[in-house]
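Please read the structure below before turning to the comments.
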Amino acid sequence: MADVTGSCLCGSVAFRITGPMEKPLNCHCTNCRKQHGAAFRSRIRVHEDHFEWLKGEELIKFYESSPGFRRGFCSNCGTPVVNRPGGPGYKRFALNPHAASELGIPMGILDGEPDIEPKMHVFVENKAPWFEITDDLTQYETLPKSFDPEDFA
Ligand SMILES: [Zn+2]
Ligand SMILES: [Zn+2]
């Protein structure tokens with residue numbers, strides 16, 4: 001599989017993904033909706049060893065939206081670029097012990113035609129009232145009990 005690249009709206013920030021794109025999903029939680037100004041956030045997780053900055057890392061500013069969960073955006077244009085879960089105080093280590101080495105990346109900033117699509121909806125309990133889910137993907141009120149790789153196959 002060819003490397004996937006991504007970039008922000010102004011083009012000052014760019015990166016490359018050199019390994020698997022994992023856990024593709026649509027998150028309807030309030031924080032993701034606010035971060036994106038959209039009905040939901042479509043994201044993947046990537047191991048930090050499989051992520052390389054091409055340019056603009058110094059422009060990334062982080063906002064800690066809940067303890068141990070930092071959301072990083074381009075300080076020039078505001079594009080959400082990379083989220084870092086798994087910091088001090090992070091609540092979901094029981095669900096995901098590897099959170100500290102994962103980066104969350106919005107699918108909407110990937111360039112070209114990456115070979116990936118969301119496999120589930122999470123935090124549907126926070127879904128925007130004006131948006132209707134019309135696909136057949138599994139919907140979770142909050143999160144699944146575990147992130148079984150089979151769920152993403
Ligand atoms: Zn930018
Ligand atoms: Zn979310």
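Each chain in the structure tokens gets a letter, A, B and so on, in the order shown; residues start at 1 in every chain, and ligands are counted from 1 in the order they appear.
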
Report task. All residues within 6 Å of ligand 2 are required, counting only C-alpha atoms and all ligand atoms; please report them as a PyMOL selection string. Result -> chain A and resi 27-29+31-32

Okay, now the selection with all heavy atoms, as a PDB file, in the first residue's frame?
ATOM      1  N   CYS A  27     -17.372   9.634  14.919  1.00  0.00           N
ATOM      2  CA  CYS A  27     -17.656   9.953  16.315  1.00  0.00           C
ATOM      3  C   CYS A  27     -18.604  11.143  16.396  1.00  0.00           C
ATOM      4  O   CYS A  27     -18.306  12.218  15.877  1.00  0.00           O
ATOM      5  CB  CYS A  27     -16.371  10.251  17.085  1.00  0.00           C
ATOM      6  SG  CYS A  27     -16.714  10.502  18.842  1.00  0.00           S
ATOM      7  N   HIS A  28     -19.743  10.908  17.071  1.00  0.00           N
ATOM      8  CA  HIS A  28     -20.779  11.933  17.195  1.00  0.00           C
ATOM      9  C   HIS A  28     -20.725  12.633  18.545  1.00  0.00           C
ATOM     10  O   HIS A  28     -21.666  13.343  18.909  1.00  0.00           O
ATOM     11  CB  HIS A  28     -22.161  11.282  17.011  1.00  0.00           C
ATOM     12  CG  HIS A  28     -22.368  10.671  15.657  1.00  0.00           C
ATOM     13  ND1 HIS A  28     -23.071  11.299  14.655  1.00  0.00           N
ATOM     14  CD2 HIS A  28     -21.935   9.488  15.129  1.00  0.00           C
ATOM     15  CE1 HIS A  28     -23.087  10.521  13.574  1.00  0.00           C
ATOM     16  NE2 HIS A  28     -22.403   9.420  13.829  1.00  0.00           N
ATOM     17  N   CYS A  29     -19.636  12.452  19.308  1.00  0.00           N
ATOM     18  CA  CYS A  29     -19.591  13.071  20.642  1.00  0.00           C
ATOM     19  C   CYS A  29     -19.560  14.590  20.507  1.00  0.00           C
ATOM     20  O   CYS A  29     -19.166  15.153  19.484  1.00  0.00           O
ATOM     21  CB  CYS A  29     -18.412  12.546  21.461  1.00  0.00           C
ATOM     22  SG  CYS A  29     -16.834  13.380  21.173  1.00  0.00           S
ATOM     23  N   ASN A  31     -17.701  16.834  21.860  1.00  0.00           N
ATOM     24  CA  ASN A  31     -16.384  17.437  21.653  1.00  0.00           C
ATOM     25  C   ASN A  31     -15.939  17.332  20.193  1.00  0.00           C
ATOM     26  O   ASN A  31     -15.385  18.292  19.634  1.00  0.00           O
ATOM     27  CB  ASN A  31     -15.340  16.778  22.556  1.00  0.00           C
ATOM     28  CG  ASN A  31     -15.478  17.222  24.008  1.00  0.00           C
ATOM     29  OD1 ASN A  31     -16.258  18.118  24.323  1.00  0.00           O
ATOM     30  ND2 ASN A  31     -14.724  16.584  24.888  1.00  0.00           N
ATOM     31  N   CYS A  32     -16.150  16.192  19.577  1.00  0.00           N
ATOM     32  CA  CYS A  32     -15.764  16.042  18.164  1.00  0.00           C
ATOM     33  C   CYS A  32     -16.618  16.937  17.269  1.00  0.00           C
ATOM     34  O   CYS A  32     -16.120  17.520  16.298  1.00  0.00           O
ATOM     35  CB  CYS A  32     -15.883  14.585  17.720  1.00  0.00           C
ATOM     36  SG  CYS A  32     -14.548  13.534  18.336  1.00  0.00           S
TER      37      CYS A  32
END

Could I get the residues of chain A with an atom no further than 10 Å from an atom of ligand 1, each paired with its nearest atom pair and that distance in Å to one decimal, using only C-alpha atoms and all ligand atoms, sorted by chain and residue number, as JSON lines?
{"residue": "A:Ser7", "atom": "CA", "partner": "ligand 1", "partner_atom_place_in_ligand_line": "1 (Zn)", "distance": 7.7}
{"residue": "A:Cys8", "atom": "CA", "partner": "ligand 1", "partner_atom_place_in_ligand_line": "1 (Zn)", "distance": 4.5}
{"residue": "A:Leu9", "atom": "CA", "partner": "ligand 1", "partner_atom_place_in_ligand_line": "1 (Zn)", "distance": 5.0}
{"residue": "A:Cys10", "atom": "CA", "partner": "ligand 1", "partner_atom_place_in_ligand_line": "1 (Zn)", "distance": 4.0}
{"residue": "A:Gly11", "atom": "CA", "partner": "ligand 1", "partner_atom_place_in_ligand_line": "1 (Zn)", "distance": 5.4}
{"residue": "A:Ser12", "atom": "CA", "partner": "ligand 1", "partner_atom_place_in_ligand_line": "1 (Zn)", "distance": 5.0}
{"residue": "A:Val13", "atom": "CA", "partner": "ligand 1", "partner_atom_place_in_ligand_line": "1 (Zn)", "distance": 5.6}
{"residue": "A:Ala14", "atom": "CA", "partner": "ligand 1", "partner_atom_place_in_ligand_line": "1 (Zn)", "distance": 8.8}
{"residue": "A:Gly56", "atom": "CA", "partner": "ligand 1", "partner_atom_place_in_ligand_line": "1 (Zn)", "distance": 8.3}
{"residue": "A:Leu59", "atom": "CA", "partner": "ligand 1", "partner_atom_place_in_ligand_line": "1 (Zn)", "distance": 7.9}
{"residue": "A:Ile60", "atom": "CA", "partner": "ligand 1", "partner_atom_place_in_ligand_line": "1 (Zn)", "distance": 8.7}
{"residue": "A:Phe73", "atom": "CA", "partner": "ligand 1", "partner_atom_place_in_ligand_line": "1 (Zn)", "distance": 7.9}
{"residue": "A:Cys74", "atom": "CA", "partner": "ligand 1", "partner_atom_place_in_ligand_line": "1 (Zn)", "distance": 4.6}
{"residue": "A:Ser75", "atom": "CA", "partner": "ligand 1", "partner_atom_place_in_ligand_line": "1 (Zn)", "distance": 6.7}
{"residue": "A:Asn76", "atom": "CA", "partner": "ligand 1", "partner_atom_place_in_ligand_line": "1 (Zn)", "distance": 5.0}
{"residue": "A:Cys77", "atom": "CA", "partner": "ligand 1", "partner_atom_place_in_ligand_line": "1 (Zn)", "distance": 4.2}
{"residue": "A:Gly78", "atom": "CA", "partner": "ligand 1", "partner_atom_place_in_ligand_line": "1 (Zn)", "distance": 6.2}
{"residue": "A:Thr79", "atom": "CA", "partner": "ligand 1", "partner_atom_place_in_ligand_line": "1 (Zn)", "distance": 5.9}
{"residue": "A:Pro80", "atom": "CA", "partner": "ligand 1", "partner_atom_place_in_ligand_line": "1 (Zn)", "distance": 8.9}
{"residue": "A:Val81", "atom": "CA", "partner": "ligand 1", "partner_atom_place_in_ligand_line": "1 (Zn)", "distance": 8.8}

Resulting file, chosen residues, C-alpha atoms, as a compact mmCIF listing (two decimals), in the first residue's frame:
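Once everything was written out, this is part.txt:
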# COMPACT_ATOMS: atom_id res chain seq x y z
CA SER A 7 -2.51 18.33 4.94
CA CYS A 8 -4.32 21.29 6.45
CA LEU A 9 -6.44 23.89 4.67
CA CYS A 10 -3.64 26.48 4.33
CA GLY A 11 -1.07 23.88 3.32
CA SER A 12 1.47 24.87 5.98
CA VAL A 13 1.11 21.50 7.73
CA ALA A 14 1.59 18.17 5.98
CA GLY A 56 4.59 22.53 9.87
CA LEU A 59 2.40 25.31 13.88
CA ILE A 60 0.36 22.69 15.70
CA PHE A 73 -4.92 22.04 15.05
CA CYS A 74 -3.04 24.23 12.58
CA SER A 75 -2.62 27.59 14.34
CA ASN A 76 -2.63 29.33 10.96
CA CYS A 77 -5.89 28.00 9.46
CA GLY A 78 -7.63 26.09 12.26
CA THR A 79 -7.78 22.69 10.55
CA PRO A 80 -7.96 19.79 13.03
CA VAL A 81 -4.79 17.77 12.30

Query - Between atom CA of A:Lys61 and atom CA of A:Ile116 - distance in Å to one decimal - result: 26.7 Å

Query raised in the report: Of the residues A:Thr18, A:Ala2, A:Phe51, A:Val82, which is the one nearest to A:Met107, using only C-alpha atoms?
Result: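 Nearest candidate to A:Met107 out of A:Thr18, A:Ala2, A:Phe51, A:Val82: A:Val82.
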
Requested in this report: Provide the atom CA of A:Ala128 to atom CA of A:Ser42 distance in Å, to one decimal place.
Outcome: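 Taking atom CA of A:Ala128 as the start and atom CA of A:Ser42 as the end point, the length is 14.5 Å.
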
Query raised in the report: Pick the closest to A:Ala39 from A:Phe69, A:Tyr140, A:Phe152, A:Phe123: which is it, counting only C-alpha atoms?
Result: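 The shortest atom-to-atom distance to A:Ala39 comes from A:Phe123.
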
Query raised in the report: Neighbours of A:Pro24 within 12 Å (only C-alpha atoms; same-chain residues fewer than 4 positions away dropped), as a ChimeraX atom specification?
Result: /A:20,41-46,104-108,114-122,137,147,149,151-153

Query raised in the report: Excluding same-chain residues fewer than 3 positions from A:Thr5, what lies within 7 Å of it counting only C-alpha atoms, as a PyMOL selection string?
Result: chain A and resi 15-17+110-111
